[in-house]
Amino acid sequence: MTDLLIVGSGPTGLTLACDMALRGVSVRVLEARCAPHRESRGKGLTPASLEVFARLGVAEELSAVGAREVILRKYFDGDHVNDTPTAAGVLIGQWQVEEVLRARLAGLGVRVEYEAQVTAINQDGTGVTARLADGRAVRAGYAAGCDGGRSSVRKLLGIPFEGHTDETETMVLGDVRAPGLSRAFWHQWFTSDGGGILLCPMPGTDTFQLQASPELTESGESRPPSLEGFQRLFDRHARMPGIRLADPTWLSSWRVNVRIAARMREGRVFLAGDAAHVHPIAGGLGMNTGIQDAVALSRTLAAALPGPAADSVLDAYEAERLPAAAHVLADTVARYERVVAAVRQPGRGTEAGLG
C-alpha cells in the first residue's frame, strides 16, 4: 500500500511529493488533466519558497530558468512615470516551476499519473481508498487534496469552502506575444478613466503574461477574453500603435474569490494549496502559500507515518496552516482594495501593483 496519495500536480502537490519522496515515503500523484499545461498563472517565487526548493535540490535550476532582477515600468495616460525594481525573489511561470519539480520527482522514481480523476473517497482506520473515473481503486495510508480551488477532494469530503465570490470584480488574463515591446520591463499602464493593463515578460519564453480590466458589454457585463479584446485594451491603455499582440497560448478570466476551507483535515485526508484557500492575486502569494502548506504537511505526515498517529500529531498541520491561510487572505484582500482604489482615482494609478 502506498504511504501517501496526492491528488493534483500543481506546485503544491509536486512540492509535497518531492519532499515526501526524499524522506523515503512512497507516494503516488494523480492528475485529472491529460497532460501538463504551459500557462504562466502564478509567476513569482519568494525567498521562503526558494529556501524550500534549495532543500529539494532544485533552487539553482529554478533561478537559472527565472529572472531575479525585473524593473517595473509604470505609465499613466500613456506617459512613462517611473521605474521601480521588483521585490526579492524569482520571476518564473508556474508551468516552469512544475516542469522542474516533475523532473526532480521523476529522478526520485515517481511520475505523475494523468487522466486520473478521483470520483470517490472512502477511509477507515488503516487507510484511504480513492475511486477513479475509469473504475480503478487506489489505496494509501493517507491522502492529500492539492487539486486547486475547485478541488474534487474537498467537495467529496463535504468540507465547506467559506467566503464569497464577487462577480462584479473581474479581470482577464493570458499569455501573448508582443513583438516590439521591450522585454527589459514589467509594464503597467493605468489611465485617468480608471482602467489598466499589465504585461509581464515571462523568462525563458517570448511571451508576456497579460492582466487587464475586462471590456464591458453595453449591459455592463464582462466580455470573455480574446486576442481581439486584448488588443483593444492594449490600444486604449498603452497607446503604442506599433505593437500588435499575437499568438495567445492561454486565455482566462478571474473573479475576486475569497474563500477558506472550514478545516484542512478530515481523518486521513488533508487539503493544501488552493484546495484549502483562494484569495485575490495581489502580492503574488498564492503559489508560495501552497508551497508552505506542502512543507508543513510533509512534516506532519513524516511524524505520523512510523506508526499509529494520535489526533494531536495529525492536527498539527491544520493548527499551523489554517491561521497562516487566514492571514494571507486578509493581507491580499487589503492589497487588492488598495490597488482598486488607486486605479479608480485619477492621478493615483501609478501606485497600483498586482502580483
# chains A, B, ... in the order shown; residues from 1 in each chain; ligands from 1
$ residues_around --residues "A:Val313" --least-positions-apart "4" --cutoff "7 Å" --atoms "only C-alpha atoms" --output "number ranges by chain"
A: 300, 304, 309
$ closest_atom_pairs --of "stretch 109-166 of chain A" --to "stretch 13-22 of chain A" --cutoff "12 Å" --atoms "only C-alpha atoms" --output "Markdown table"
| residue | atom | partner | partner_atom | distance |
| --- | --- | --- | --- | --- |
| A:Gly109 | CA | A:Ala21 | CA | 8.4 |
| A:Val110 | CA | A:Ala21 | CA | 8.1 |
| A:Arg111 | CA | A:Ala17 | CA | 9.9 |
| A:Val112 | CA | A:Leu14 | CA | 8.9 |
| A:Ala143 | CA | A:Gly13 | CA | 10.9 |
| A:Ala144 | CA | A:Gly13 | CA | 8.0 |
| A:Gly145 | CA | A:Gly13 | CA | 8.1 |
| A:Cys146 | CA | A:Gly13 | CA | 5.3 |
| A:Asp147 | CA | A:Gly13 | CA | 7.8 |
| A:Gly148 | CA | A:Gly13 | CA | 9.8 |
$ closest_residue --among "A:Pro36, A:Glu51, A:Trp186, A:Pro248" --to "A:Asn82" --atoms "only C-alpha atoms"
A:Trp186
$ atom_distance --atom1 "atom CA of A:Arg68" --atom2 "atom CA of A:Leu50"
11.7 Å
$ select_by_dssp --residues "stretch 147-186 of chain A" --states "strand (DSSP E)" --output "PyMOL selection string"
chain A and resi 161-177+185-186
$ closest_residue --among "A:Gly141, A:Pro224, A:Gly307, A:Gly273" --to "A:Gly8" --atoms "only C-alpha atoms"
A:Gly273
$ closest_residue --among "A:Gly163, A:Leu62, A:Ala32, A:Arg183" --to "A:Asp134" --atoms "only C-alpha atoms"
A:Ala32
$ closest_residue --among "A:Arg236, A:His277, A:Arg33, A:Arg259" --to "A:Gly10" --atoms "only C-alpha atoms"
A:Arg33
$ residues_around --residues "A:Gln123" --least-positions-apart "4" --cutoff "10 Å" --atoms "only C-alpha atoms" --output "list in words"
Gly127, Val128, Thr129, Ala130, Arg139, Ala140, Gly141, Tyr142, Ala143, Glu266, Gly267, Arg268 and Val269 of chain A
$ write_last_selection --atoms "all heavy atoms" --output "short mmCIF file (atom, residue, chain, number, x, y, z; two decimals), in the first residue's frame"
data_model
loop_
_atom_site.label_atom_id
_atom_site.label_comp_id
_atom_site.auth_asym_id
_atom_site.auth_seq_id
_atom_site.Cartn_x
_atom_site.Cartn_y
_atom_site.Cartn_z
N GLY A 127 -6.43 3.33 6.37
CA GLY A 127 -6.06 3.99 5.13
C GLY A 127 -7.21 4.63 4.39
O GLY A 127 -8.33 4.73 4.90
N VAL A 128 -6.89 5.07 3.18
CA VAL A 128 -7.82 5.79 2.31
C VAL A 128 -7.93 5.06 0.98
O VAL A 128 -6.92 4.62 0.42
CB VAL A 128 -7.33 7.23 2.06
CG1 VAL A 128 -8.29 7.98 1.15
CG2 VAL A 128 -7.12 7.97 3.37
N THR A 129 -9.15 4.94 0.46
CA THR A 129 -9.36 4.35 -0.86
C THR A 129 -9.99 5.41 -1.76
O THR A 129 -11.04 5.96 -1.45
CB THR A 129 -10.29 3.13 -0.80
OG1 THR A 129 -9.71 2.13 0.06
CG2 THR A 129 -10.50 2.54 -2.19
N ALA A 130 -9.32 5.70 -2.86
CA ALA A 130 -9.83 6.65 -3.84
C ALA A 130 -10.31 5.88 -5.06
O ALA A 130 -9.59 5.02 -5.59
CB ALA A 130 -8.73 7.63 -4.24
N ARG A 139 -5.33 2.66 -3.17
CA ARG A 139 -5.28 2.57 -1.71
C ARG A 139 -4.00 3.21 -1.18
O ARG A 139 -2.92 3.04 -1.75
CB ARG A 139 -5.33 1.10 -1.28
CG ARG A 139 -5.31 0.84 0.21
CD ARG A 139 -6.63 1.16 0.86
NE ARG A 139 -6.63 0.74 2.27
CZ ARG A 139 -7.58 1.07 3.13
NH1 ARG A 139 -8.62 1.78 2.73
NH2 ARG A 139 -7.51 0.66 4.39
N ALA A 140 -4.12 4.00 -0.10
CA ALA A 140 -2.95 4.64 0.51
C ALA A 140 -3.20 4.84 1.99
O ALA A 140 -4.35 4.84 2.45
CB ALA A 140 -2.67 5.98 -0.16
N GLY A 141 -2.12 5.03 2.73
CA GLY A 141 -2.25 5.28 4.15
C GLY A 141 -2.89 6.62 4.44
O GLY A 141 -3.74 6.76 5.33
N TYR A 142 -2.49 7.64 3.67
CA TYR A 142 -3.03 8.99 3.80
C TYR A 142 -3.24 9.57 2.40
O TYR A 142 -2.69 9.06 1.41
CB TYR A 142 -2.08 9.89 4.60
CG TYR A 142 -1.91 9.48 6.04
CD1 TYR A 142 -0.90 8.60 6.43
CD2 TYR A 142 -2.77 9.97 7.02
CE1 TYR A 142 -0.75 8.22 7.75
CE2 TYR A 142 -2.62 9.60 8.35
CZ TYR A 142 -1.62 8.71 8.71
OH TYR A 142 -1.48 8.34 10.03
N ALA A 143 -4.01 10.65 2.33
CA ALA A 143 -4.23 11.32 1.04
C ALA A 143 -4.19 12.83 1.24
O ALA A 143 -4.52 13.34 2.32
CB ALA A 143 -5.56 10.91 0.43
N GLU A 266 -9.64 15.90 7.27
CA GLU A 266 -10.81 15.05 7.51
C GLU A 266 -10.28 13.63 7.65
O GLU A 266 -10.01 12.94 6.67
CB GLU A 266 -11.80 15.13 6.35
CG GLU A 266 -13.08 14.34 6.55
CD GLU A 266 -14.00 14.94 7.62
OE1 GLU A 266 -14.01 16.18 7.77
OE2 GLU A 266 -14.68 14.17 8.31
N GLY A 267 -10.04 13.21 8.90
CA GLY A 267 -9.48 11.88 9.12
C GLY A 267 -8.07 11.78 8.58
O GLY A 267 -7.16 12.49 9.00
N ARG A 268 -7.90 10.90 7.59
CA ARG A 268 -6.59 10.67 6.99
C ARG A 268 -6.38 11.46 5.70
O ARG A 268 -5.41 11.23 4.98
CB ARG A 268 -6.41 9.17 6.69
CG ARG A 268 -6.24 8.32 7.95
CD ARG A 268 -6.22 6.84 7.62
NE ARG A 268 -5.76 6.06 8.77
CZ ARG A 268 -4.51 5.68 8.97
NH1 ARG A 268 -3.58 5.97 8.08
NH2 ARG A 268 -4.18 4.97 10.04
N VAL A 269 -7.29 12.38 5.42
CA VAL A 269 -7.21 13.17 4.19
C VAL A 269 -7.00 14.65 4.54
O VAL A 269 -7.67 15.18 5.43
CB VAL A 269 -8.47 13.00 3.34
CG1 VAL A 269 -8.30 13.72 2.00
CG2 VAL A 269 -8.79 11.52 3.10
#
$ residues_around --residues "A:Met202" --least-positions-apart "3" --cutoff "7 Å" --atoms "only C-alpha atoms" --output "PyMOL selection string"
chain A and resi 92-93+205+207-209
$ write_last_selection --atoms "N, CA and C atoms" --output "PDB file, in the first residue's frame"
ATOM      1  N   ILE A  92       9.116  33.704 -12.510  1.00  0.00           N
ATOM      2  CA  ILE A  92       9.118  32.460 -13.280  1.00  0.00           C
ATOM      3  C   ILE A  92       7.682  31.989 -13.428  1.00  0.00           C
ATOM      4  N   GLY A  93       7.344  31.421 -14.570  1.00  0.00           N
ATOM      5  CA  GLY A  93       5.989  30.946 -14.796  1.00  0.00           C
ATOM      6  C   GLY A  93       5.681  29.685 -14.007  1.00  0.00           C
ATOM      7  N   THR A 205      10.900  32.525 -22.341  1.00  0.00           N
ATOM      8  CA  THR A 205       9.894  32.459 -23.392  1.00  0.00           C
ATOM      9  C   THR A 205       9.936  33.753 -24.190  1.00  0.00           C
ATOM     10  N   THR A 207       6.964  35.288 -24.583  1.00  0.00           N
ATOM     11  CA  THR A 207       5.604  35.734 -24.279  1.00  0.00           C
ATOM     12  C   THR A 207       5.584  36.679 -23.079  1.00  0.00           C
ATOM     13  N   PHE A 208       4.469  37.401 -22.976  1.00  0.00           N
ATOM     14  CA  PHE A 208       4.164  38.236 -21.827  1.00  0.00           C
ATOM     15  C   PHE A 208       2.905  37.684 -21.168  1.00  0.00           C
ATOM     16  N   GLN A 209       2.856  37.743 -19.829  1.00  0.00           N
ATOM     17  CA  GLN A 209       1.576  37.497 -19.165  1.00  0.00           C
ATOM     18  C   GLN A 209       0.826  38.824 -19.142  1.00  0.00           C
TER      19      GLN A 209
END
$ closest_residue --among "A:Gly195, A:Glu215, A:Glu113, A:Thr249" --to "A:Val176" --atoms "only C-alpha atoms"
A:Thr249
$ closest_residue --among "A:Met240, A:Ala316, A:Leu101, A:Ser152" --to "A:Ile291" --atoms "only C-alpha atoms"
A:Leu101
$ select_by_dssp --residues "stretch 57-271 of chain A" --states "alpha helix (DSSP H)" --output "PyMOL selection string"
chain A and resi 59-65+94-107+152-157+227-238
$ residues_around --residues "A:Arg41" --least-positions-apart "3" --cutoff "9 Å" --atoms "only C-alpha atoms" --output "PDB file with N, CA, C and O atoms, in the first residue's frame"
ATOM      1  N   GLY A  93       7.344  31.421 -14.570  1.00  0.00           N
ATOM      2  CA  GLY A  93       5.989  30.946 -14.796  1.00  0.00           C
ATOM      3  C   GLY A  93       5.681  29.685 -14.007  1.00  0.00           C
ATOM      4  O   GLY A  93       6.568  28.854 -13.773  1.00  0.00           O
ATOM      5  N   GLN A  94       4.435  29.546 -13.609  1.00  0.00           N
ATOM      6  CA  GLN A  94       4.044  28.371 -12.832  1.00  0.00           C
ATOM      7  C   GLN A  94       4.339  27.081 -13.583  1.00  0.00           C
ATOM      8  O   GLN A  94       4.798  26.097 -12.990  1.00  0.00           O
ATOM      9  N   TRP A  95       4.097  27.058 -14.886  1.00  0.00           N
ATOM     10  CA  TRP A  95       4.341  25.826 -15.636  1.00  0.00           C
ATOM     11  C   TRP A  95       5.823  25.453 -15.611  1.00  0.00           C
ATOM     12  O   TRP A  95       6.174  24.257 -15.611  1.00  0.00           O
ATOM     13  N   LEU A 173      -6.944  37.540 -18.254  1.00  0.00           N
ATOM     14  CA  LEU A 173      -5.533  37.189 -18.216  1.00  0.00           C
ATOM     15  C   LEU A 173      -5.193  36.347 -19.435  1.00  0.00           C
ATOM     16  O   LEU A 173      -6.072  35.728 -20.037  1.00  0.00           O
ATOM     17  N   GLY A 174      -3.911  36.310 -19.766  1.00  0.00           N
ATOM     18  CA  GLY A 174      -3.484  35.461 -20.855  1.00  0.00           C
ATOM     19  C   GLY A 174      -1.990  35.530 -21.083  1.00  0.00           C
ATOM     20  O   GLY A 174      -1.293  36.382 -20.505  1.00  0.00           O
ATOM     21  N   ASP A 175      -1.499  34.630 -21.910  1.00  0.00           N
ATOM     22  CA  ASP A 175      -0.110  34.636 -22.348  1.00  0.00           C
ATOM     23  C   ASP A 175      -0.104  34.983 -23.832  1.00  0.00           C
ATOM     24  O   ASP A 175      -0.737  34.287 -24.645  1.00  0.00           O
ATOM     25  N   GLN A 209       2.856  37.743 -19.829  1.00  0.00           N
ATOM     26  CA  GLN A 209       1.576  37.497 -19.165  1.00  0.00           C
ATOM     27  C   GLN A 209       0.826  38.824 -19.142  1.00  0.00           C
ATOM     28  O   GLN A 209       1.361  39.843 -18.713  1.00  0.00           O
TER      29      GLN A 209
END
$ residues_around --residues "A:Arg255" --least-positions-apart "3" --cutoff "10 Å" --atoms "only C-alpha atoms" --output "JSON, numbers by chain"
{"A": [165, 166, 167, 168, 169, 170, 171, 172, 258, 279, 280, 281]}
